[in-house]
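Peer 1: Handing you a structure now.
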Amino acid sequence: MQQMHHRASDAATEADAAALVERARALGPMIAEHAARHAETRRVAPEVIAAIREAGLFRVLQPRRWGGDELPPQVFADVQFELGRADMSTGWVYGVLGCHNFQMGLFDEQAQIDVWGDNDAAMIASTFQPGGIATPVPGGYRFSGQWKFASGCDHADWVFLGGMLDGEFLTCLLPRDQYQIVDSWHVSGLRGTGSQDILVDDVVIPEHRVHRSSDGFRCDSPGNRVNTGWLYRLPFHQVFIRAITGSAIGALQGMIDAFSAYARTRTSVVAGATVKDPDALLALGQAVVTVDELRCVARRNFAALEVWARQGVPPPFEERLLYKYQAAAVTDRCLVAARALFENAGGTGLFDQYPFARILNDLIAARQHAAAQYRLAGRSLGAVSLGQDVNEWYL
């Protein structure tokens, strides 16, 4: 009977996942219509966020005990793919805000009550760039400073801030009335993410609103006492890095979609009909393969991590390092493929009526993120392969 129940539960999960991904896909045309506006206004439109919220997509990784779906991270990745396909800034903001419902499940129960007790649809932005030092005081930590890159903060009710204490990285939770948003996001790519600065002036954060990276690394956080499902035994950083780089795969698919429609009728004065141009055909074929490979690797890695989580055992260090490299390399792989498509779009592809330049600039900007620095993970992976010790905790 237990085996039959498990199979029935798996079938229900797959049905729920398929429905959520289809809802995300259905939002694509509306999101695409807003993409150019997002770049101009430097944030995702409130009506787009409202539509994503109404479709229930922010709840994919949220604990069931707080009205969430508590579904596997692959479902989250599939939803993000569809949103990023329509507009990378939207997919990026979804990845950040939606992933925080996973991390919130790792916090002390009182912090979860603080955030979701009166509103289980409350959302959390973040900037993990350490912009301040946590000073211990009775019952908590005193915080001041200014943090960059708080994507989607205009739509959030709370914010996670990164800080350091005695060499350990902390994530500290603040409500909206304890910080200011500084309009600083004047950039060349991912303009629609609204990744503004966060300013904090002498705020005391209680101990229960702090999550330690060492707990996330060990897959044993305070929230595991109440959120007992296997999902919250996953290493937080494995989920977060994918949530950051995953929108790039959707953006590349958006470039493929646009280029395919464009190329069918285009004739270049240099290369003739694009449908007969071997360079254009190769660029398109390689982009299609890149999307498929990256999605397959992510699916494989999430499945392997789920096995460890269901056993309640942290994954081996070397395995996590491999997965970190593969997650970090996503943006660069997508950028290389998208640049080849852009080059084969020719001069006409520069015009604003086409999304090519916007997508390329978004990918260039995404490549700058700390989570996309695959060379760092690659060096550590090489060192471990040669039997050397490495100091890696963001795994």
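Every chain in the structure tokens takes a letter, A first, then B, and so on in the order presented; its residues are numbered from 1, and the ligands are numbered from 1 following the presented order.
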So that I can check the surroundings of Leu173 (chain A), please list as a ChimeraX atom specification every protein, DNA and RNA residue that reaches within 9 Å of it, counting only C-alpha atoms and ignoring chain neighbours fewer than 4 positions away.

Peer 2: /A:111,124,126,158-161,205-206,209-211

Peer 1: Using only C-alpha atoms, which residues sit within 9 Å of Leu322 (chain A) once same-chain residues fewer than 6 positions away are excluded, as a PyMOL selection string?

Peer 2: chain A and resi 377-378+381

Peer 1: From a DSSP pass on the backbone, collect the residues of region 89-278 of chain A flagged as helix (DSSP H, G or I) and hand them back as number ranges by chain.

Peer 2: A: 89-104, 109-116, 153-155, 176-178, 191-193, 207-209, 213-218, 222-225, 230-233, 236-263, 274-276, 278

Peer 1: Quick one: residues within 9 Å of Gln326 (chain A), only C-alpha atoms, excluding same-chain residues fewer than 4 positions away - as a list in words?

Peer 2: Leu294, Val297, Ala298, Leu321, Leu322, Val330, Tyr374 and Ala377 of chain A

Peer 1: If we count only C-alpha atoms, what is near Ala366 (chain A) at a cut-off of 10 Å, once residues fewer than 2 positions away on the same chain are taken out, given as a list in words?

Peer 2: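 Skipping anything fewer than 2 positions along the chain leaves Met88, Ser89, Trp92, Gly189, Leu190, Ile244, Thr245, Ser247, Ala248, Thr331, Asp332, Leu335, Leu360, Asn361, Asp362, Leu363, Ile364, Gln368, His369, Ala370, Ala371 and Ala372 of chain A.
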
Peer 1: For a test of reading the model, state the distance in Å between CA of Gly312 (chain A) and CA of Gly163 (chain A), rounded to one decimal.

Peer 2: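 Going from CA of Gly312 (chain A) over to CA of Gly163 (chain A), I get 28.2 Å.
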
Peer 1: Let me make sure I understand: among A:Gln238, A:Gly162, A:Phe149, A:Ser268, which one has the smallest atom-to-atom distance to Ala304 (chain A) if we use only C-alpha atoms?

Peer 2: A:Gln238

Peer 1: Which of these, A:Asp183, A:Cys219, A:Gly68, A:Trp147, has the shortest distance to Val200 (chain A) once you count only C-alpha atoms?

Peer 2: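 Comparing A:Asp183, A:Cys219, A:Gly68, A:Trp147 against Val200 (chain A), the winner is A:Trp147.
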